[in-house]
Amino acid sequence: MRQKEIDKTPARLDFIQSSTGLILALFIMGHILFEASILISNEMMYKVTIMFEGYYFFGETYPGIITFLAAAISIIFIIHASIALRKFPDNYRQHKAMKEHVIRMKHEDTSLWIIQLTTGFIMFFIGSVHLYIMMANPSNIGPFASSFRVVHEHMGPLYFLLLISVVSHAFIGLYRLAMKWGFMEGESTKVSRARYKFLMKTMIVIYIVVGTLSLAKYTYIGVTHDFSEVKKFKSKIIDLRAH
């Protein structure tokens, strides 16, 4: 009797989801640290910005590089999200059953998975907006352009919600990856899991604090800096459109 072939598609999808998740988590870690250069000085952030625009490689700045990088991250983000969607509850009944299971079992790893689902849902919308802004306006990155966007274009609350979501999602994801691919195996899996969980929570707190301080600095610059010339220019554009 011919043995039935095993469908390897779910395993392949899991591998792609894990790989893209790892890339995105590493990107988030680097992105938040590079953004934190604003805490050192405005000049330091300018140096980081022009570095990503290729100045130290080509002798000139090419904002299109930012567009390319944002587009590449967007593609990876879409692939990751599309594969992850297959694990979302399909209907209200499944969602209710899952919620009741979490309340009854009080299992922390299950609760972490729920947090990942929730933050992933939030990121799907806010993260897409942020990436689109980076692709559409690659030259509007810097201490003053970013501060103007945070304060005067009212993006601050969305960026804070995005910060909480991406940091939580990324480090819970890394914890789950370590568990899935056997990094917690050893003499005591329980001890290893506790250590990884402590590291996960510590990194979440650190990155949220760093990201919040950076956002606070952008807010301070946005409130105290004179953007009157930018506002006048935008007012002229609005008047021209109105007529």
# chains A, B, ... in the order shown; residues from 1 in each chain; ligands from 1

$ select_by_dssp --residues "segment 39-219 of chain A" --states "helix (DSSP H, G or I)" --output "JSON, numbers by chain"
{"A": [39, 42, 43, 44, 45, 46, 47, 48, 49, 50, 51, 52, 55, 56, 57, 58, 64, 65, 66, 67, 68, 69, 70, 71, 72, 73, 74, 75, 76, 77, 78, 79, 80, 81, 82, 83, 84, 85, 86, 87, 92, 93, 94, 95, 96, 97, 98, 99, 100, 101, 102, 103, 104, 105, 108, 109, 110, 111, 112, 113, 114, 115, 116, 117, 118, 119, 120, 121, 122, 123, 124, 125, 126, 127, 128, 129, 130, 131, 132, 133, 134, 135, 136, 143, 144, 145, 146, 147, 148, 149, 150, 151, 156, 157, 158, 159, 160, 161, 162, 163, 164, 165, 166, 167, 168, 169, 170, 171, 172, 173, 174, 175, 176, 177, 178, 179, 180, 189, 190, 191, 192, 193, 194, 195, 196, 197, 198, 199, 200, 201, 202, 203, 204, 205, 206, 207, 208, 209, 210, 211, 212, 213, 214, 215, 216, 217, 218, 219]}

$ write_last_selection --atoms "C-alpha atoms" --output "compact mmCIF listing (two decimals), in the first residue's frame"
# COMPACT_ATOMS: atom_id res chain seq x y z
CA LEU A 39 18.65 61.97 22.57
CA ASN A 42 20.23 66.99 16.69
CA GLU A 43 23.56 66.79 14.86
CA MET A 44 23.93 63.11 15.74
CA MET A 45 20.54 62.33 14.26
CA TYR A 46 21.46 64.21 11.09
CA LYS A 47 24.59 62.06 10.83
CA VAL A 48 22.53 58.89 11.21
CA THR A 49 20.00 60.13 8.64
CA ILE A 50 22.58 60.99 5.97
CA MET A 51 24.31 57.66 6.65
CA PHE A 52 21.17 55.83 5.55
CA TYR A 55 26.38 60.11 2.13
CA TYR A 56 29.35 58.27 3.68
CA PHE A 57 29.46 55.85 0.72
CA PHE A 58 28.76 58.11 -2.26
CA GLY A 64 15.62 57.26 -2.62
CA ILE A 65 17.63 54.74 -0.60
CA ILE A 66 15.20 55.34 2.28
CA THR A 67 12.30 54.70 -0.10
CA PHE A 68 13.91 51.44 -1.24
CA LEU A 69 14.54 50.27 2.34
CA ALA A 70 11.00 51.18 3.42
CA ALA A 71 9.58 49.35 0.40
CA ALA A 72 11.67 46.25 1.18
CA ILE A 73 10.50 46.24 4.80
CA SER A 74 6.91 46.75 3.60
CA ILE A 75 7.13 43.66 1.38
CA ILE A 76 8.55 41.55 4.22
CA PHE A 77 5.85 42.98 6.53
CA ILE A 78 3.07 42.06 4.08
CA ILE A 79 4.42 38.52 3.64
CA HIS A 80 4.71 38.04 7.40
CA ALA A 81 1.23 39.44 8.09
CA SER A 82 -0.40 37.44 5.28
CA ILE A 83 0.96 34.15 6.60
CA ALA A 84 0.14 35.07 10.22
CA LEU A 85 -3.49 35.76 9.28
CA ARG A 86 -4.14 32.04 8.93
CA LYS A 87 -3.79 31.75 12.73
CA TYR A 92 -16.77 35.49 16.65
CA ARG A 93 -17.41 31.97 18.03
CA GLN A 94 -13.74 31.05 17.74
CA HIS A 95 -12.71 34.37 19.24
CA LYS A 96 -15.07 33.85 22.20
CA ALA A 97 -13.85 30.29 22.77
CA MET A 98 -10.23 31.47 22.68
CA LYS A 99 -10.96 34.27 25.15
CA GLU A 100 -12.72 31.88 27.55
CA HIS A 101 -9.80 29.45 27.27
CA VAL A 102 -7.31 32.18 28.20
CA ILE A 103 -9.40 33.27 31.22
CA ARG A 104 -9.93 29.70 32.43
CA MET A 105 -6.38 28.40 31.93
CA GLU A 108 1.01 33.12 30.43
CA ASP A 109 2.33 31.83 27.09
CA THR A 110 -1.22 31.71 25.73
CA SER A 111 -1.77 35.28 26.95
CA LEU A 112 1.43 36.34 25.18
CA TRP A 113 0.08 34.83 21.96
CA ILE A 114 -3.12 36.87 22.38
CA ILE A 115 -1.01 40.01 22.85
CA GLN A 116 0.82 39.16 19.63
CA LEU A 117 -2.47 38.82 17.75
CA THR A 118 -3.72 42.15 19.11
CA THR A 119 -0.51 44.09 18.46
CA GLY A 120 -0.21 42.51 15.01
CA PHE A 121 -3.70 43.75 14.18
CA ILE A 122 -2.79 47.28 15.34
CA MET A 123 0.50 47.25 13.42
CA PHE A 124 -1.23 46.17 10.23
CA PHE A 125 -2.89 49.59 10.07
CA ILE A 126 -0.56 52.04 11.84
CA GLY A 127 2.64 50.35 10.63
CA SER A 128 1.43 50.53 7.03
CA VAL A 129 0.80 54.28 7.38
CA HIS A 130 4.27 54.87 8.84
CA LEU A 131 6.00 52.87 6.11
CA TYR A 132 4.03 54.68 3.42
CA ILE A 133 5.09 58.07 4.86
CA MET A 134 8.72 56.95 4.75
CA MET A 135 8.38 55.82 1.16
CA ALA A 136 6.51 58.92 0.01
CA PRO A 143 15.23 66.21 14.04
CA PHE A 144 13.06 69.06 12.74
CA ALA A 145 11.10 67.37 9.94
CA SER A 146 10.26 64.44 12.22
CA SER A 147 9.38 66.76 15.11
CA PHE A 148 7.06 68.76 12.87
CA ARG A 149 5.31 65.54 11.86
CA VAL A 150 4.98 64.40 15.48
CA VAL A 151 3.53 67.67 16.83
CA GLY A 156 2.60 61.61 18.13
CA PRO A 157 -0.24 59.49 19.59
CA LEU A 158 -0.12 57.09 16.64
CA TYR A 159 3.65 56.75 16.92
CA PHE A 160 3.36 56.01 20.65
CA LEU A 161 0.73 53.32 20.02
CA LEU A 162 2.92 51.93 17.22
CA LEU A 163 5.93 51.90 19.57
CA ILE A 164 4.07 49.89 22.23
CA SER A 165 2.75 47.48 19.59
CA VAL A 166 5.95 46.83 17.62
CA VAL A 167 8.15 46.42 20.69
CA SER A 168 5.74 44.03 22.40
CA HIS A 169 5.11 42.10 19.19
CA ALA A 170 8.80 41.87 18.29
CA PHE A 171 10.14 40.60 21.62
CA ILE A 172 7.25 38.23 22.28
CA GLY A 173 7.89 36.94 18.76
CA LEU A 174 11.59 36.41 19.49
CA TYR A 175 10.68 34.57 22.70
CA ARG A 176 8.27 32.33 20.80
CA LEU A 177 10.87 31.72 18.09
CA ALA A 178 13.40 30.62 20.70
CA MET A 179 10.80 28.26 22.15
CA LYS A 180 9.68 26.93 18.73
CA THR A 189 13.34 23.62 30.01
CA LYS A 190 11.34 25.32 32.76
CA VAL A 191 14.40 27.29 33.95
CA SER A 192 15.41 28.18 30.38
CA ARG A 193 11.91 29.39 29.58
CA ALA A 194 11.85 31.53 32.73
CA ARG A 195 15.19 33.12 31.79
CA TYR A 196 14.09 33.85 28.22
CA LYS A 197 10.81 35.27 29.51
CA PHE A 198 12.65 37.56 31.94
CA LEU A 199 14.95 38.71 29.12
CA MET A 200 11.92 39.33 26.88
CA LYS A 201 10.16 41.48 29.49
CA THR A 202 13.36 43.39 30.29
CA MET A 203 13.97 44.21 26.62
CA ILE A 204 10.34 45.30 26.15
CA VAL A 205 10.66 47.74 29.04
CA ILE A 206 14.04 49.07 27.87
CA TYR A 207 12.97 49.63 24.28
CA ILE A 208 9.64 51.23 25.25
CA VAL A 209 11.46 53.60 27.62
CA VAL A 210 14.06 54.50 24.97
CA GLY A 211 11.39 54.96 22.29
CA THR A 212 9.22 57.06 24.61
CA LEU A 213 12.16 59.31 25.52
CA SER A 214 12.91 59.79 21.81
CA LEU A 215 9.28 60.64 21.11
CA ALA A 216 9.32 63.09 24.05
CA LYS A 217 12.40 64.79 22.58
CA TYR A 218 10.69 65.09 19.18
CA THR A 219 7.66 66.56 20.93

$ atom_distance --atom1 "atom CA of Leu33 of chain A" --atom2 "atom CA of Gly142 of chain A"
14.4 Å

$ atom_distance --atom1 "atom CA of Ile141 of chain A" --atom2 "atom CA of Pro63 of chain A"
9.2 Å

$ atom_distance --atom1 "atom CA of Asn140 of chain A" --atom2 "atom CA of Tyr62 of chain A"
12.3 Å
